[in-house]
Every structure is written in C-alpha cells, then in structure tokens.
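Dumped work-v5.cif below, it's mmCIF, C-alpha atoms and all ligand atoms:
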```cif
data_query
loop_
_atom_site.label_atom_id
_atom_site.label_comp_id
_atom_site.auth_asym_id
_atom_site.auth_seq_id
_atom_site.Cartn_x
_atom_site.Cartn_y
_atom_site.Cartn_z
CA MET N 1 103.07 -31.04 55.66
CA ALA N 2 105.73 -30.67 58.33
CA THR N 3 105.67 -27.51 60.41
CA THR N 4 109.40 -27.57 61.19
CA ILE N 5 112.52 -28.15 59.13
CA GLN N 6 113.24 -31.90 58.92
CA TYR N 7 116.80 -33.19 59.10
CA PHE N 8 118.11 -36.49 57.68
CA GLU N 9 121.50 -38.04 58.41
CA HIS N 10 121.71 -39.84 55.06
CA LEU N 11 120.32 -39.35 51.59
CA GLU N 12 118.85 -42.88 51.80
CA ASP N 13 116.60 -41.69 54.63
CA LEU N 14 114.68 -39.40 52.25
CA ASP N 15 111.57 -40.50 50.34
CA SER N 16 112.09 -41.92 46.85
CA GLU N 17 110.86 -38.83 44.94
CA SER N 18 113.27 -36.62 46.87
CA LYS N 19 116.15 -39.01 46.17
CA TYR N 20 115.25 -39.00 42.49
CA LEU N 21 115.23 -35.20 42.39
CA VAL N 22 118.60 -35.08 44.16
CA HIS N 23 119.92 -37.46 41.50
CA LYS N 24 118.54 -35.23 38.69
CA ALA N 25 119.93 -32.09 40.39
CA LYS N 26 123.35 -33.77 40.58
CA GLU N 27 123.23 -34.62 36.87
CA THR N 28 122.28 -31.01 36.10
CA THR N 29 125.44 -29.57 37.70
CA ALA N 30 127.10 -30.65 34.42
CA PHE N 31 125.30 -27.67 32.80
CA SER N 32 126.47 -25.15 35.38
CA TYR N 33 128.35 -22.17 33.94
CA ALA N 34 130.46 -21.08 36.89
CA PRO N 35 133.85 -19.84 35.64
CA TYR N 36 134.06 -17.23 38.43
CA SER N 37 132.90 -18.98 41.61
CA LYS N 38 133.74 -22.50 40.38
CA PHE N 39 130.74 -23.59 42.43
CA CYS N 40 128.52 -25.81 40.30
CA VAL N 41 124.88 -25.89 41.36
CA GLY N 42 122.03 -27.99 40.00
CA ALA N 43 118.34 -27.88 40.84
CA ALA N 44 115.54 -30.24 39.89
CA LEU N 45 111.87 -29.70 40.61
CA MET N 46 108.80 -31.84 40.18
CA LEU N 47 105.37 -30.75 38.98
CA ASP N 48 102.11 -32.29 40.16
CA ASP N 49 101.95 -34.39 36.96
CA GLY N 50 105.41 -35.86 37.64
CA THR N 51 107.26 -33.71 35.09
CA VAL N 52 110.81 -32.88 36.17
CA ILE N 53 112.39 -29.53 35.26
CA THR N 54 116.03 -28.78 35.90
CA GLY N 55 118.26 -25.72 36.12
CA ALA N 56 121.95 -24.97 36.65
CA ASN N 57 123.57 -21.74 37.83
CA GLN N 58 124.61 -19.33 35.10
CA GLU N 59 127.27 -16.76 35.88
CA ASN N 60 128.29 -13.52 34.22
CA ALA N 61 131.41 -11.35 34.23
CA SER N 62 129.09 -8.71 35.65
CA PHE N 63 128.70 -10.58 38.93
CA PRO N 64 125.27 -9.30 40.05
CA LEU N 65 123.81 -10.86 36.92
CA CYS N 66 124.69 -14.41 38.02
CA MET N 67 121.58 -16.55 38.28
CA CYS N 68 121.08 -19.35 40.79
CA ALA N 69 120.15 -22.86 39.68
CA GLU N 70 116.88 -22.77 41.66
CA ARG N 71 115.57 -19.69 39.87
CA VAL N 72 116.64 -21.01 36.46
CA ALA N 73 114.52 -24.12 37.15
CA LEU N 74 111.57 -22.26 38.69
CA TYR N 75 111.23 -19.74 35.87
CA ALA N 76 111.69 -22.44 33.22
CA ALA N 77 108.93 -24.47 34.87
CA THR N 78 106.42 -21.65 35.07
CA SER N 79 107.21 -20.47 31.55
CA ALA N 80 106.50 -23.87 29.99
CA HIS N 81 103.91 -25.32 32.41
CA ALA N 82 101.85 -22.40 33.71
CA GLY N 83 99.05 -23.55 35.96
CA ARG N 84 100.87 -26.65 37.19
CA THR N 85 101.81 -26.94 40.87
CA ILE N 86 105.43 -27.42 41.89
CA THR N 87 105.56 -30.09 44.60
CA LYS N 88 109.27 -30.50 45.37
CA LEU N 89 112.61 -28.96 44.51
CA ALA N 90 116.07 -30.37 45.22
CA VAL N 91 119.27 -28.38 44.99
CA VAL N 92 122.84 -29.69 45.20
CA ALA N 93 126.30 -28.27 44.54
CA HIS N 94 129.93 -29.26 44.24
CA LYS N 95 133.13 -27.41 43.63
CA LYS N 96 134.40 -27.61 40.06
CA ASN N 97 136.39 -30.80 39.47
CA HIS N 98 135.28 -32.22 42.83
CA LYS N 99 132.92 -35.15 42.93
CA GLU N 100 131.63 -34.92 46.48
CA LEU N 101 128.69 -32.65 47.19
CA ALA N 102 129.16 -29.45 49.16
CA ALA N 103 126.71 -27.92 51.60
CA ALA N 104 124.41 -25.63 49.61
CA THR N 105 121.28 -24.17 51.10
CA CYS N 106 119.15 -21.81 49.00
CA CYS N 107 120.25 -18.19 49.13
CA GLY N 108 117.92 -15.51 50.46
CA ALA N 109 116.95 -14.31 46.98
CA CYS N 110 115.86 -17.82 45.97
CA ARG N 111 113.93 -18.22 49.24
CA GLN N 112 112.02 -15.03 48.46
CA VAL N 113 111.26 -16.27 44.94
CA LEU N 114 110.21 -19.69 46.25
CA LEU N 115 107.89 -17.94 48.67
CA GLU N 116 106.22 -16.09 45.79
CA PHE N 117 105.72 -19.44 44.00
CA GLU N 118 104.14 -20.94 47.11
CA ALA N 119 101.82 -17.95 47.46
CA ARG N 120 100.95 -18.05 43.77
CA GLN N 121 100.08 -21.75 43.68
CA LYS N 122 98.62 -21.73 47.22
CA LYS N 123 100.53 -24.92 47.96
CA PRO N 124 103.84 -25.41 49.76
CA ILE N 125 106.96 -26.61 47.93
CA GLU N 126 109.18 -29.17 49.66
CA ILE N 127 112.77 -28.05 49.29
CA ILE N 128 115.53 -30.63 49.72
CA MET N 129 119.12 -29.56 50.18
CA MET N 130 122.34 -30.51 51.90
CA GLY N 131 123.33 -28.47 54.91
CA GLU N 132 126.45 -28.42 57.05
CA ALA N 133 128.11 -31.72 57.99
CA GLY N 134 126.47 -33.44 55.04
CA LYS N 135 123.05 -33.54 56.69
CA TRP N 136 120.06 -33.35 54.38
CA LEU N 137 117.18 -31.11 55.16
CA LYS N 138 113.66 -30.68 53.92
CA ALA N 139 111.62 -27.53 54.43
CA THR N 140 109.02 -25.37 52.76
CA ALA N 141 109.90 -21.81 51.67
CA ASN N 142 107.54 -20.57 54.33
CA LEU N 143 109.74 -22.20 56.98
CA LEU N 144 112.96 -20.97 55.40
CA MET N 145 111.76 -17.39 55.21
CA PRO N 146 109.83 -16.43 58.34
CA VAL N 147 108.53 -12.88 58.85
CA SER N 148 108.73 -12.38 55.11
CA PHE N 149 107.69 -9.65 52.71
CA GLY N 150 104.87 -10.60 50.37
CA LYS N 151 102.06 -9.27 48.22
CA GLU N 152 99.78 -8.70 51.23
CA SER N 153 102.15 -5.87 52.23
CA LEU N 154 101.30 -4.10 48.96
CA GLU N 155 97.53 -4.35 49.30
N1 LIG W 201 124.17 -20.42 43.75
C1 LIG W 201 123.07 -21.12 43.34
O1 LIG W 201 122.93 -21.47 42.16
N2 LIG W 201 122.13 -21.43 44.26
C2 LIG W 201 122.22 -21.16 45.60
O2 LIG W 201 121.28 -21.42 46.34
C3 LIG W 201 123.43 -20.53 46.12
C4 LIG W 201 124.36 -19.96 45.12
C5 LIG W 201 125.19 -20.08 42.77
C6 LIG W 201 125.27 -18.62 42.41
C7 LIG W 201 126.70 -18.50 41.95
O3 LIG W 201 126.77 -18.89 40.58
C8 LIG W 201 127.45 -19.53 42.75
O4 LIG W 201 126.46 -20.42 43.27
C9 LIG W 201 128.26 -18.97 43.89
O5 LIG W 201 127.49 -18.15 44.70
#
```
Once you've parsed the file, please lay out its structure as structure tokens.
Amino acid sequence: MATTIQYFEHLEDLDSESKYLVHKAKETTAFSYAPYSKFCVGAALMLDDGTVITGANQENASFPLCMCAERVALYAATSAHAGRTITKLAVVAHKKNHKELAAATCCGACRQVLLEFEARQKKPIEIIMMGEAGKWLKATANLLMPVSFGKESLE
C-alpha cells in the first residue's frame, strides 16, 4: 500500500478495478438528488468479494441534513454486508446538466467516516477521486486525514 497520495494524469493510467469503480460512480450520479447545490455526486465501492455498492448524494431543504454520496455508499455497504472488507471507493461529480466531470475530493466529514471504516476493518481503503486540473488521485483515508481523532482518544 502506498505511503503517499498517488497522482495520475489520465483515468486510463489507473488500474482496471479503479477504472471500473469510476465508471460505476459516474453511472450513479443519475440517482443524485441535488436540487439545491446542483452538484451531482456518485460513489462506488468494492468489497473483498468483488461486490460493488453505490451511493449518490441526497439533499434536503434543511441543508445540514444533506448526505454525501460516499457516506450513502459506505453505510449501505456495512448495513447489508457486515463483516466484509471495503477495498476501494471511487467518487466522481458533475454539475447538473453538464457531462464533464468536476473536481470532487471527499469532504472532511467523509474522510473522518472513512477513517472509522479503516480502523474498524483494520485494512486501508483506496480512495479514487478527481482533483484540480482533472488529475486523478488515489489515497487511503489515513493519508487524507493526518493527525486525526479516533477511538484511541476515548480509551
Ligand atoms: N458532496 C458529496 O456527495 N461528496 C463530497 O465529497 C463532497 C460534497 C455533496 C454534498 C452536497 O449534496 C453537494 O455535494 C454540494 O456540497
């Protein structure tokens, strides 16, 4: 597992599983409910048995209740497949009625939740997303959230 964030110029430079998850995440933006931000986000994750689980962002007129695509997918996965390990998660976004993908890196809340999943399953999760200038990046939650707060602080 890489110890630094990896950057890729083109989607084609990623491994085939990552490309497949990006494709599934893209498809899932069709299920985004984003009437307020008009920012459609899709996430797709893979379990250690190859199962793919997807999620799309779900907004609410009470803005703090909006839920990110990543967390929709993560909680769906653990609710239906408890005990399975999540190996990879891809997230993509585009503006409503735009075809081209926009830069969308996981928000801080999702990074914190991803970190809890990594701690829980004792295995890192490879996160694939598109950063600025259309560059793809791959990182574990641990790398995206250094000096983090976790359960050891509560012991
Ligand atoms: N959003 C996600 O689904 N994932 C992210 O990582 C960033 C933000 C959603 C939340 C909200 O519905 C919209 O994008 C604008 O913030």
Counting only C-alpha atoms and all ligand atoms, what are the residues, protein, DNA or RNA alike, that approach ligand LIG 201 (chain W) to within 7 Å? I want them as a list in words.
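Using only C-alpha atoms and all ligand atoms, everything at most 7 Å from ligand LIG 201 (chain W) comes to Ala34, Ser37, Phe39, Cys40, Val41, Gly42, Ala56, Asn57, Gln58, Glu59, Cys66, Met67, Cys68, Ala69, Glu70, Ala104, Thr105, Cys106, Cys107 and Cys110 of chain N.
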Let me make sure I understand: among N:Met129, N:Ala82, N:Lys96, N:Phe149, which one has the smallest atom-to-atom distance to Val113 in chain N if we use all atoms listed in the file?
N:Phe149
In Å, how far is it from CA of Gly50 in chain N to CA of Glu12 in chain N?
20.7 Å
Residue neighbourhood Ala73 in chain N, 7 Å, all atoms listed in the file, exclusion window fewer than 4 positions, as a list in words:
Ala43, Ala44, Ile53, Thr54, Gly55, Ala69 and Ala77 of chain N
Those same residues, written as a CSV table (one decimal), in the frame of the given file with C-alpha atoms?
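Dumped everything to result.csv:
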```
chain,number,residue,atom,x,y,z
N,43,ALA,CA,118.3,-27.9,40.8
N,44,ALA,CA,115.5,-30.2,39.9
N,53,ILE,CA,112.4,-29.5,35.3
N,54,THR,CA,116.0,-28.8,35.9
N,55,GLY,CA,118.3,-25.7,36.1
N,69,ALA,CA,120.2,-22.9,39.7
N,77,ALA,CA,108.9,-24.5,34.9
```
Please return the centre and edge lengths, in Å to one decimal, of a box with edges along x, y and z that contains all listed atoms of range 132-143 of chain N, widened by 6 Å on every side, as JSON.
```
{"center_x": 117.8, "center_y": -27.1, "center_z": 54.8, "size_x": 32.6, "size_y": 25.0, "size_z": 18.3}
```
Option closest in space to Lys123 in chain N, from N:Thr51, N:Ser148, N:Asn60, N:Thr87 [counting all atoms listed in the file]:
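Among N:Thr51, N:Ser148, N:Asn60, N:Thr87, it is N:Thr87 that comes nearest to Lys123 in chain N.
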